[in-house]
$ cat entry.cif   # mmCIF, C-alpha atoms and all ligand atoms
data_work
#
loop_
_atom_site.label_atom_id
_atom_site.label_comp_id
_atom_site.auth_asym_id
_atom_site.auth_seq_id
_atom_site.Cartn_x
_atom_site.Cartn_y
_atom_site.Cartn_z
CA MET X 1 120.00 64.00 101.03
CA ARG X 2 122.53 66.43 99.65
CA LEU X 3 125.32 65.39 97.27
CA THR X 4 128.37 67.56 96.66
CA PHE X 5 130.88 66.79 93.92
CA LEU X 6 134.23 67.53 95.57
CA GLY X 7 136.30 66.38 92.60
CA THR X 8 135.22 65.42 89.07
CA GLY X 9 138.49 64.81 87.20
CA THR X 10 140.05 61.60 86.00
CA SER X 11 143.31 60.32 87.52
CA PHE X 12 145.43 63.05 85.83
CA GLY X 13 143.22 65.89 87.02
CA ILE X 14 142.64 68.99 84.88
CA PRO X 15 144.68 70.92 83.96
CA VAL X 16 147.19 68.16 83.27
CA PRO X 17 150.68 69.39 84.24
CA GLY X 18 152.54 70.57 81.15
CA CYS X 19 149.53 70.24 78.83
CA ASP X 20 148.74 73.17 76.54
CA CYS X 21 145.47 71.81 75.11
CA ALA X 22 142.43 74.08 74.78
CA VAL X 23 140.70 72.66 77.87
CA CYS X 24 143.75 72.73 80.16
CA THR X 25 144.50 76.33 79.20
CA SER X 26 140.88 77.55 78.98
CA GLY X 27 140.91 79.22 82.41
CA LYS X 28 137.24 78.29 82.83
CA PRO X 29 136.51 77.31 86.44
CA ARG X 30 134.39 74.35 85.34
CA ASN X 31 137.30 72.94 83.34
CA TRP X 32 139.36 72.83 86.57
CA ARG X 33 138.83 69.30 87.90
CA THR X 34 140.46 67.72 90.94
CA ARG X 35 140.45 63.95 91.44
CA HIS X 36 137.30 62.01 92.36
CA GLY X 37 135.53 62.74 95.62
CA LEU X 38 131.89 63.05 96.76
CA LEU X 39 130.22 64.20 99.94
CA LEU X 40 126.81 62.90 101.05
CA GLU X 41 124.92 64.75 103.78
CA HIS X 42 121.66 63.87 105.48
CA GLU X 43 120.22 64.94 108.84
CA GLY X 44 123.53 66.30 110.03
CA ARG X 45 125.52 63.20 109.08
CA ARG X 46 128.32 63.29 106.50
CA LEU X 47 129.79 60.49 104.43
CA LEU X 48 132.86 61.10 102.28
CA VAL X 49 133.32 58.95 99.17
CA ASP X 50 137.02 58.52 98.32
CA THR X 51 140.06 60.39 99.61
CA PRO X 52 141.76 61.82 96.50
CA PRO X 53 145.11 63.68 96.49
CA GLU X 54 143.40 67.11 96.68
CA LEU X 55 141.21 66.12 99.64
CA ARG X 56 142.41 68.88 101.96
CA LEU X 57 141.65 71.60 99.40
CA GLN X 58 138.29 70.03 98.58
CA LEU X 59 137.23 69.90 102.24
CA ILE X 60 138.20 73.53 102.72
CA ALA X 61 136.33 74.59 99.56
CA ALA X 62 133.18 72.74 100.68
CA GLY X 63 133.41 74.11 104.24
CA VAL X 64 133.48 70.64 105.78
CA ASP X 65 134.34 70.76 109.50
CA ARG X 66 133.46 67.19 110.49
CA LEU X 67 132.91 63.74 108.95
CA ASP X 68 131.07 60.68 110.25
CA GLY X 69 132.45 58.05 107.89
CA VAL X 70 134.33 57.36 104.68
CA PHE X 71 133.69 54.99 101.77
CA ILE X 72 136.61 54.01 99.51
CA SER X 73 135.74 52.76 96.01
CA HIS X 74 139.07 51.05 95.26
CA SER X 75 142.80 51.33 95.87
CA HIS X 76 143.98 53.44 92.90
CA ALA X 77 146.07 56.47 93.86
CA ASP X 78 143.55 59.01 92.55
CA HIS X 79 140.96 57.63 95.00
CA VAL X 80 143.02 57.15 98.17
CA HIS X 81 146.22 59.18 98.25
CA GLY X 82 144.72 62.06 100.20
CA ILE X 83 143.77 59.79 103.10
CA ASP X 84 146.27 61.37 105.49
CA ASP X 85 144.24 64.60 105.32
CA LEU X 86 141.61 62.81 107.45
CA ARG X 87 143.90 63.41 110.44
CA ALA X 88 142.17 66.76 110.89
CA PHE X 89 138.87 64.96 111.63
CA SER X 90 140.11 61.91 113.51
CA ALA X 91 141.93 63.69 116.32
CA ARG X 92 139.00 63.69 118.74
CA SER X 93 137.33 60.41 117.79
CA ARG X 94 138.29 57.64 115.39
CA LEU X 95 136.70 57.66 111.95
CA PRO X 96 135.36 54.50 110.26
CA VAL X 97 136.65 53.90 106.71
CA HIS X 98 134.63 51.37 104.72
CA MET X 99 136.33 49.50 101.90
CA ALA X 100 136.17 46.14 100.13
CA ALA X 101 137.90 43.27 101.93
CA GLU X 102 139.93 42.57 98.76
CA TYR X 103 141.83 45.86 99.24
CA GLU X 104 142.51 45.56 102.97
CA GLU X 105 145.94 43.89 102.81
CA GLU X 106 147.20 46.21 100.07
CA LEU X 107 146.15 49.39 101.87
CA ARG X 108 147.37 48.20 105.28
CA THR X 109 150.77 47.74 103.63
CA ARG X 110 150.73 51.00 101.67
CA PHE X 111 149.67 52.99 104.75
CA SER X 112 151.49 50.84 107.33
CA TYR X 113 152.38 53.87 109.47
CA PHE X 114 148.75 54.03 110.62
CA TRP X 115 147.23 50.69 109.48
CA GLY X 116 150.17 48.32 109.88
CA PRO X 117 150.58 45.86 112.78
CA ASP X 118 153.08 48.14 114.57
CA ALA X 119 151.35 51.44 113.80
CA ARG X 120 151.69 54.04 116.52
CA SER X 121 152.46 57.73 116.62
CA THR X 122 155.61 59.17 118.10
CA PRO X 123 154.59 60.92 121.33
CA GLY X 124 153.67 64.50 120.50
CA SER X 125 152.89 63.76 116.83
CA SER X 126 149.74 62.44 115.15
CA ILE X 127 148.71 59.78 112.68
CA PRO X 128 145.25 59.29 111.15
CA GLY X 129 142.88 57.57 113.61
CA LEU X 130 141.00 55.48 111.06
CA ASP X 131 139.15 52.22 111.71
CA LEU X 132 139.17 50.05 108.61
CA VAL X 133 135.77 48.34 108.17
CA THR X 134 135.58 45.84 105.31
CA PHE X 135 132.65 44.78 103.16
CA GLU X 136 131.99 42.21 100.46
CA ASP X 137 130.30 42.67 97.09
CA ARG X 138 126.50 42.97 97.43
CA GLU X 139 126.61 43.65 101.11
CA ARG X 140 124.24 46.18 102.66
CA ILE X 141 126.37 48.37 104.89
CA HIS X 142 125.69 51.18 107.33
CA ALA X 143 128.11 54.05 106.98
CA ALA X 144 127.71 57.42 108.71
CA GLY X 145 123.98 56.74 109.14
CA PHE X 146 123.47 55.94 105.45
CA GLU X 147 122.30 52.52 104.27
CA LEU X 148 124.34 51.56 101.21
CA ASP X 149 123.85 48.56 98.93
CA VAL X 150 127.36 47.95 97.68
CA VAL X 151 128.14 46.65 94.17
CA ALA X 152 131.46 45.74 92.49
CA PHE X 153 132.05 46.95 88.93
CA PRO X 154 134.71 45.51 86.57
CA HIS X 155 137.53 48.07 86.12
CA GLY X 156 140.14 46.40 83.90
CA TRP X 157 141.99 43.90 86.09
CA PHE X 158 140.52 45.57 89.14
CA ARG X 159 137.12 46.06 90.68
CA SER X 160 135.72 49.38 91.75
CA TYR X 161 132.90 49.52 94.28
CA GLY X 162 129.86 51.72 93.94
CA PHE X 163 126.53 51.70 95.71
CA ARG X 164 122.88 52.56 95.78
CA VAL X 165 121.59 54.69 98.62
CA GLY X 166 117.88 55.48 98.33
CA ASP X 167 117.29 57.19 94.99
CA LEU X 168 120.98 57.71 94.23
CA ALA X 169 123.43 55.33 92.54
CA VAL X 170 127.16 56.04 92.44
CA ILE X 171 129.35 54.24 89.89
CA VAL X 172 133.00 55.31 89.62
CA ASP X 173 135.81 53.76 87.58
CA ALA X 174 133.57 51.15 85.96
CA LYS X 175 133.90 49.60 82.54
CA GLU X 176 130.81 47.43 82.73
CA ILE X 177 127.52 47.11 84.59
CA PRO X 178 127.24 43.46 85.66
CA GLU X 179 123.88 42.04 84.61
CA SER X 180 123.11 41.08 88.17
CA ALA X 181 123.59 44.70 89.31
CA VAL X 182 120.98 46.06 86.94
CA GLU X 183 118.07 44.98 89.13
CA LEU X 184 119.54 46.68 92.19
CA LEU X 185 120.25 49.97 90.42
CA ARG X 186 117.24 50.15 88.11
CA GLY X 187 115.09 53.25 88.29
CA VAL X 188 117.36 55.46 90.40
CA ARG X 189 116.38 59.13 90.24
CA VAL X 190 119.99 60.29 90.21
CA LEU X 191 122.93 58.41 88.74
CA VAL X 192 126.56 59.46 89.12
CA ILE X 193 128.73 57.63 86.61
CA ASN X 194 132.27 57.80 85.24
CA ALA X 195 133.05 58.85 81.64
CA LEU X 196 136.38 59.78 80.02
CA TRP X 197 135.62 61.25 76.61
CA PHE X 198 133.53 60.79 73.44
CA GLY X 199 134.50 57.79 71.26
CA ASN X 200 137.70 55.72 71.40
CA PRO X 201 136.68 53.05 73.97
CA HIS X 202 139.10 52.66 76.89
CA PRO X 203 139.95 49.27 78.49
CA THR X 204 139.09 50.22 82.07
CA HIS X 205 136.64 53.16 81.96
CA PHE X 206 133.39 54.04 80.23
CA ASN X 207 133.55 56.61 77.48
CA VAL X 208 130.60 59.02 77.30
CA GLU X 209 128.63 56.83 74.88
CA GLU X 210 129.00 53.79 77.15
CA ALA X 211 128.00 55.83 80.21
CA LEU X 212 124.86 56.99 78.36
CA GLU X 213 124.05 53.38 77.46
CA ALA X 214 124.47 52.38 81.10
CA ALA X 215 122.19 55.23 82.21
CA SER X 216 119.54 54.14 79.77
CA LEU X 217 119.92 50.46 80.77
CA LEU X 218 119.29 51.47 84.38
CA GLY X 219 116.42 53.82 83.50
CA ALA X 220 118.10 56.57 85.51
CA GLY X 221 116.31 59.91 85.98
CA THR X 222 119.08 62.52 85.91
CA THR X 223 122.64 61.36 85.18
CA TYR X 224 125.80 63.24 86.19
CA LEU X 225 129.04 62.40 84.41
CA THR X 226 132.23 62.52 86.46
CA HIS X 227 135.88 61.31 86.38
CA LEU X 228 136.23 63.41 83.21
CA THR X 229 139.34 64.09 81.13
CA HIS X 230 140.81 67.16 79.40
CA ARG X 231 139.36 65.91 76.12
CA LEU X 232 136.00 67.26 77.34
CA ASP X 233 135.24 70.95 77.55
CA HIS X 234 132.50 71.62 80.09
CA ASP X 235 130.45 74.02 77.95
CA GLU X 236 130.68 71.81 74.87
CA MET X 237 129.50 68.84 76.91
CA GLU X 238 126.55 70.81 78.25
CA ALA X 239 125.50 71.66 74.70
CA ARG X 240 126.05 68.19 73.30
CA LEU X 241 124.58 65.90 75.99
CA PRO X 242 120.88 64.99 76.21
CA ALA X 243 118.91 67.13 78.68
CA ALA X 244 118.77 64.37 81.33
CA VAL X 245 122.56 63.95 81.31
CA ARG X 246 124.76 66.68 82.82
CA PRO X 247 128.48 67.02 83.28
CA ALA X 248 129.31 67.41 86.96
CA TRP X 249 131.83 70.01 88.13
CA ASP X 250 133.91 70.55 91.25
CA GLY X 251 131.64 72.14 93.82
CA LEU X 252 128.29 71.19 92.26
CA THR X 253 125.69 70.43 94.94
CA ILE X 254 122.38 68.70 94.32
CA GLU X 255 119.46 67.77 96.57
CA ILE X 256 118.02 64.29 96.17
ZN ZN O 1 139.99 56.82 89.13
ZN ZN O 2 145.12 69.20 78.39
ZN ZN O 3 140.68 53.29 89.15
#
$ encode --input "entry.cif" --output "structure tokens"
Amino acid sequence: MRLTFLGTGTSFGIPVPGCDCAVCTSGKPRNWRTRHGLLLEHEGRRLLVDTPPELRLQLIAAGVDRLDGVFISHSHADHVHGIDDLRAFSARSRLPVHMAAEYEEELRTRFSYFWGPDARSTPGSSIPGLDLVTFEDRERIHAAGFELDVVAFPHGWFRSYGFRVGDLAVIVDAKEIPESAVELLRGVRVLVINALWFGNPHPTHFNVEEALEAASLLGAGTTYLTHLTHRLDHDEMEARLPAAVRPAWDGLTIEI
């Protein structure tokens, strides 16, 4: 299985518009972070995780010409507001989009022009052809040929959904690992987990220290930090983190 990090920035992205901090103005490619997206590929099948605002640019950069399914972690703008870019791949056949049942009503309303009860395209124009497929916490789902064990993670007042697929666990926008999820995720060879910055705990996201604790709780092999802010310089992170923990970057591809 191949994993590509399409976007590794937090909800603001990096650079943050108007910010003149050292990271935003560094000009280093690895400090340029679009919003969260992942691509999983195995035996010719492709699953996209999240549809962030820069989705079109991410798909072009990764050379993606086709998708077989989409997994949405939760309804925050930085994870779904590029969904219309899926039109390019849903013209010939409809594309399944898997998301938690708790977000169905909200997203059908927000994107009523293609998911509402009266959704239809004006003749000669197009709308995304997306089939919304819902799941519940702890369900095992089949998406784009992948078998995912889905888990909900507390995210402030919200819940963000991650999963385990084989030797990979993906946790985005989490503030806590529920005790009951530890058993499911224990011993993964590769862990992808969200982290904002060092110190100063945040109410809805792990900071780096909390992400490291979670990785150690799960006994993860290699851990990749993502959903990163402009308070983290890529090179400084590389030097400061333990060897088994790496900062991800936009475009990083790993084989699992
Ligand atoms: Zn987010
Ligand atoms: Zn900045
Ligand atoms: Zn969020």
$ closest_residue --input "entry.cif" --among "X:Leu217, X:Phe146, X:Pro154, X:Pro247" --to "Ala195 in chain X" --atoms "all atoms listed in the file"
X:Pro247
$ residues_near_ligand --input "entry.cif" --ligand "ligand ZN 3 (chain O)" --cutoff "9 Å" --atoms "all atoms listed in the file" --output "list of chain:residue names"
X:Thr10, X:Ser11, X:Ser73, X:His74, X:Ser75, X:His76, X:Ala77, X:Asp78, X:His79, X:His155, X:Gly156, X:Phe158, X:Arg159, X:Ser160, X:Val172, X:Asp173, X:Ala174, X:Thr204, X:His205
$ write_last_selection --input "entry.cif" --atoms "C-alpha atoms" --output "mmCIF file, keeping the file's coordinate frame"
data_model
loop_
_atom_site.group_PDB
_atom_site.id
_atom_site.type_symbol
_atom_site.label_atom_id
_atom_site.label_comp_id
_atom_site.auth_asym_id
_atom_site.auth_seq_id
_atom_site.Cartn_x
_atom_site.Cartn_y
_atom_site.Cartn_z
ATOM 1 C CA THR X 10 140.050 61.600 86.000
ATOM 2 C CA SER X 11 143.310 60.320 87.520
ATOM 3 C CA SER X 73 135.740 52.760 96.010
ATOM 4 C CA HIS X 74 139.070 51.050 95.260
ATOM 5 C CA SER X 75 142.800 51.330 95.870
ATOM 6 C CA HIS X 76 143.980 53.440 92.900
ATOM 7 C CA ALA X 77 146.070 56.470 93.860
ATOM 8 C CA ASP X 78 143.550 59.010 92.550
ATOM 9 C CA HIS X 79 140.960 57.630 95.000
ATOM 10 C CA HIS X 155 137.530 48.070 86.120
ATOM 11 C CA GLY X 156 140.140 46.400 83.900
ATOM 12 C CA PHE X 158 140.520 45.570 89.140
ATOM 13 C CA ARG X 159 137.120 46.060 90.680
ATOM 14 C CA SER X 160 135.720 49.380 91.750
ATOM 15 C CA VAL X 172 133.000 55.310 89.620
ATOM 16 C CA ASP X 173 135.810 53.760 87.580
ATOM 17 C CA ALA X 174 133.570 51.150 85.960
ATOM 18 C CA THR X 204 139.090 50.220 82.070
ATOM 19 C CA HIS X 205 136.640 53.160 81.960
#
$ closest_atom_pairs --input "entry.cif" --of "chain X" --to "ligand ZN 2 (chain O)" --cutoff "6 Å" --atoms "all atoms listed in the file" --output "tab-separated table"
residue	atom	partner	partner_atom	distance
X:Pro15	CA	O:ZN2	ZN	5.8
X:Val16	CA	O:ZN2	ZN	5.4
X:Cys19	CA	O:ZN2	ZN	4.6
X:Asp20	CA	O:ZN2	ZN	5.7
X:Cys21	CA	O:ZN2	ZN	4.2
X:Val23	CA	O:ZN2	ZN	5.6
X:Cys24	CA	O:ZN2	ZN	4.2
X:His230	CA	O:ZN2	ZN	4.9
$ closest_residue --input "entry.cif" --among "X:Glu183, X:Ile72, X:His227, X:Leu57" --to "ligand ZN 1 (chain O)" --atoms "only C-alpha atoms and all ligand atoms"
X:His227
$ residues_around --input "entry.cif" --residues "Val188 in chain X" --least-positions-apart "5" --cutoff "9 Å" --atoms "all atoms listed in the file" --output "ChimeraX atom specification"
/X:164,166-169,218-222
$ closest_residue --input "entry.cif" --among "X:Arg231, X:His81, X:His98, X:Gly187" --to "Leu148 in chain X" --atoms "all atoms listed in the file"
X:His98
$ residues_near_point --input "entry.cif" --point "(145.8, 63.0, 101.0)" --cutoff "7 Å" --atoms "all atoms listed in the file" --output "PDB file with C-alpha atoms, in the coordinates of the input"
ATOM      1  CA  THR X  51     140.060  60.390  99.610  1.00  0.00           C
ATOM      2  CA  PRO X  52     141.760  61.820  96.500  1.00  0.00           C
ATOM      3  CA  PRO X  53     145.110  63.680  96.490  1.00  0.00           C
ATOM      4  CA  GLU X  54     143.400  67.110  96.680  1.00  0.00           C
ATOM      5  CA  LEU X  55     141.210  66.120  99.640  1.00  0.00           C
ATOM      6  CA  ARG X  56     142.410  68.880 101.960  1.00  0.00           C
ATOM      7  CA  HIS X  81     146.220  59.180  98.250  1.00  0.00           C
ATOM      8  CA  GLY X  82     144.720  62.060 100.200  1.00  0.00           C
ATOM      9  CA  ILE X  83     143.770  59.790 103.100  1.00  0.00           C
ATOM     10  CA  ASP X  84     146.270  61.370 105.490  1.00  0.00           C
ATOM     11  CA  ASP X  85     144.240  64.600 105.320  1.00  0.00           C
TER      12      ASP X  85
END
$ atom_distance --input "entry.cif" --atom1 "CA of Ile254 in chain X" --atom2 "CA of Phe71 in chain X"
19.3 Å
$ build_atoms --input "entry.cif" --residues "range 115-149 of chain X" --atoms "N, CA and C atoms" --output "mmCIF file, in the coordinates of the input"
data_model
loop_
_atom_site.group_PDB
_atom_site.id
_atom_site.type_symbol
_atom_site.label_atom_id
_atom_site.label_comp_id
_atom_site.auth_asym_id
_atom_site.auth_seq_id
_atom_site.Cartn_x
_atom_site.Cartn_y
_atom_site.Cartn_z
ATOM 1 N N TRP X 115 148.054 51.902 109.563
ATOM 2 C CA TRP X 115 147.230 50.690 109.480
ATOM 3 C C TRP X 115 148.047 49.400 109.611
ATOM 4 N N GLY X 116 149.346 49.514 109.760
ATOM 5 C CA GLY X 116 150.170 48.320 109.880
ATOM 6 C C GLY X 116 150.110 47.753 111.283
ATOM 7 N N PRO X 117 150.649 46.531 111.469
ATOM 8 C CA PRO X 117 150.580 45.860 112.780
ATOM 9 C C PRO X 117 151.302 46.636 113.887
ATOM 10 N N ASP X 118 152.312 47.416 113.534
ATOM 11 C CA ASP X 118 153.080 48.140 114.570
ATOM 12 C C ASP X 118 152.781 49.638 114.563
ATOM 13 N N ALA X 119 151.647 50.016 113.954
ATOM 14 C CA ALA X 119 151.350 51.440 113.800
ATOM 15 C C ALA X 119 151.189 52.130 115.146
ATOM 16 N N ARG X 120 151.888 53.198 115.341
ATOM 17 C CA ARG X 120 151.690 54.040 116.520
ATOM 18 C C ARG X 120 152.381 55.364 116.257
ATOM 19 N N SER X 121 151.864 56.412 116.868
ATOM 20 C CA SER X 121 152.460 57.730 116.620
ATOM 21 C C SER X 121 153.571 57.982 117.625
ATOM 22 N N THR X 122 154.566 58.708 117.183
ATOM 23 C CA THR X 122 155.610 59.170 118.100
ATOM 24 C C THR X 122 154.952 60.129 119.089
ATOM 25 N N PRO X 123 155.224 59.993 120.373
ATOM 26 C CA PRO X 123 154.590 60.920 121.330
ATOM 27 C C PRO X 123 154.755 62.375 120.892
ATOM 28 N N GLY X 124 153.644 63.097 120.901
ATOM 29 C CA GLY X 124 153.670 64.500 120.500
ATOM 30 C C GLY X 124 153.358 64.714 119.037
ATOM 31 N N SER X 125 153.260 63.623 118.248
ATOM 32 C CA SER X 125 152.890 63.760 116.830
ATOM 33 C C SER X 125 151.569 63.021 116.608
ATOM 34 N N SER X 126 151.046 63.084 115.391
ATOM 35 C CA SER X 126 149.740 62.440 115.150
ATOM 36 C C SER X 126 149.773 61.610 113.887
ATOM 37 N N ILE X 127 148.955 60.562 113.895
ATOM 38 C CA ILE X 127 148.710 59.780 112.680
ATOM 39 C C ILE X 127 147.196 59.692 112.522
ATOM 40 N N PRO X 128 146.703 59.380 111.322
ATOM 41 C CA PRO X 128 145.250 59.290 111.150
ATOM 42 C C PRO X 128 144.659 58.208 112.069
ATOM 43 N N GLY X 129 143.561 58.537 112.749
ATOM 44 C CA GLY X 129 142.880 57.570 113.610
ATOM 45 C C GLY X 129 141.710 56.961 112.847
ATOM 46 N N LEU X 130 142.012 56.014 111.985
ATOM 47 C CA LEU X 130 141.000 55.480 111.060
ATOM 48 C C LEU X 130 140.764 53.998 111.329
ATOM 49 N N ASP X 131 139.501 53.623 111.529
ATOM 50 C CA ASP X 131 139.150 52.220 111.710
ATOM 51 C C ASP X 131 138.712 51.638 110.375
ATOM 52 N N LEU X 132 139.466 50.658 109.902
ATOM 53 C CA LEU X 132 139.170 50.050 108.610
ATOM 54 C C LEU X 132 138.043 49.027 108.795
ATOM 55 N N VAL X 133 136.933 49.236 108.076
ATOM 56 C CA VAL X 133 135.770 48.340 108.170
ATOM 57 C C VAL X 133 135.557 47.750 106.786
ATOM 58 N N THR X 134 135.648 46.437 106.654
ATOM 59 C CA THR X 134 135.580 45.840 105.310
ATOM 60 C C THR X 134 134.172 45.366 104.973
ATOM 61 N N PHE X 135 133.924 45.330 103.654
ATOM 62 C CA PHE X 135 132.650 44.780 103.160
ATOM 63 C C PHE X 135 132.930 43.868 101.982
ATOM 64 N N GLU X 136 131.926 43.089 101.630
ATOM 65 C CA GLU X 136 131.990 42.210 100.460
ATOM 66 C C GLU X 136 131.018 42.749 99.413
ATOM 67 N N ASP X 137 131.219 42.321 98.182
ATOM 68 C CA ASP X 137 130.300 42.670 97.090
ATOM 69 C C ASP X 137 128.870 42.290 97.495
ATOM 70 N N ARG X 138 127.936 43.161 97.191
ATOM 71 C CA ARG X 138 126.500 42.970 97.430
ATOM 72 C C ARG X 138 126.095 43.027 98.889
ATOM 73 N N GLU X 139 126.980 43.520 99.721
ATOM 74 C CA GLU X 139 126.610 43.650 101.110
ATOM 75 C C GLU X 139 125.814 44.939 101.298
ATOM 76 N N ARG X 140 124.880 44.924 102.245
ATOM 77 C CA ARG X 140 124.240 46.180 102.660
ATOM 78 C C ARG X 140 124.999 46.672 103.884
ATOM 79 N N ILE X 141 125.561 47.865 103.777
ATOM 80 C CA ILE X 141 126.370 48.370 104.890
ATOM 81 C C ILE X 141 125.749 49.639 105.463
ATOM 82 N N HIS X 142 126.113 49.934 106.689
ATOM 83 C CA HIS X 142 125.690 51.180 107.330
ATOM 84 C C HIS X 142 126.930 52.030 107.548
ATOM 85 N N ALA X 143 126.940 53.176 106.915
ATOM 86 C CA ALA X 143 128.110 54.050 106.980
ATOM 87 C C ALA X 143 127.622 55.470 107.249
ATOM 88 N N ALA X 144 128.063 56.052 108.348
ATOM 89 C CA ALA X 144 127.710 57.420 108.710
ATOM 90 C C ALA X 144 126.197 57.652 108.711
ATOM 91 N N GLY X 145 125.429 56.624 109.086
ATOM 92 C CA GLY X 145 123.980 56.740 109.140
ATOM 93 C C GLY X 145 123.283 56.495 107.824
ATOM 94 N N PHE X 146 124.049 56.256 106.758
ATOM 95 C CA PHE X 146 123.470 55.940 105.450
ATOM 96 C C PHE X 146 123.430 54.424 105.273
ATOM 97 N N GLU X 147 122.392 53.945 104.579
ATOM 98 C CA GLU X 147 122.300 52.520 104.270
ATOM 99 C C GLU X 147 122.673 52.343 102.804
ATOM 100 N N LEU X 148 123.802 51.685 102.567
ATOM 101 C CA LEU X 148 124.340 51.560 101.210
ATOM 102 C C LEU X 148 124.270 50.105 100.750
ATOM 103 N N ASP X 149 123.740 49.874 99.564
ATOM 104 C CA ASP X 149 123.850 48.560 98.930
ATOM 105 C C ASP X 149 125.047 48.627 97.996
#
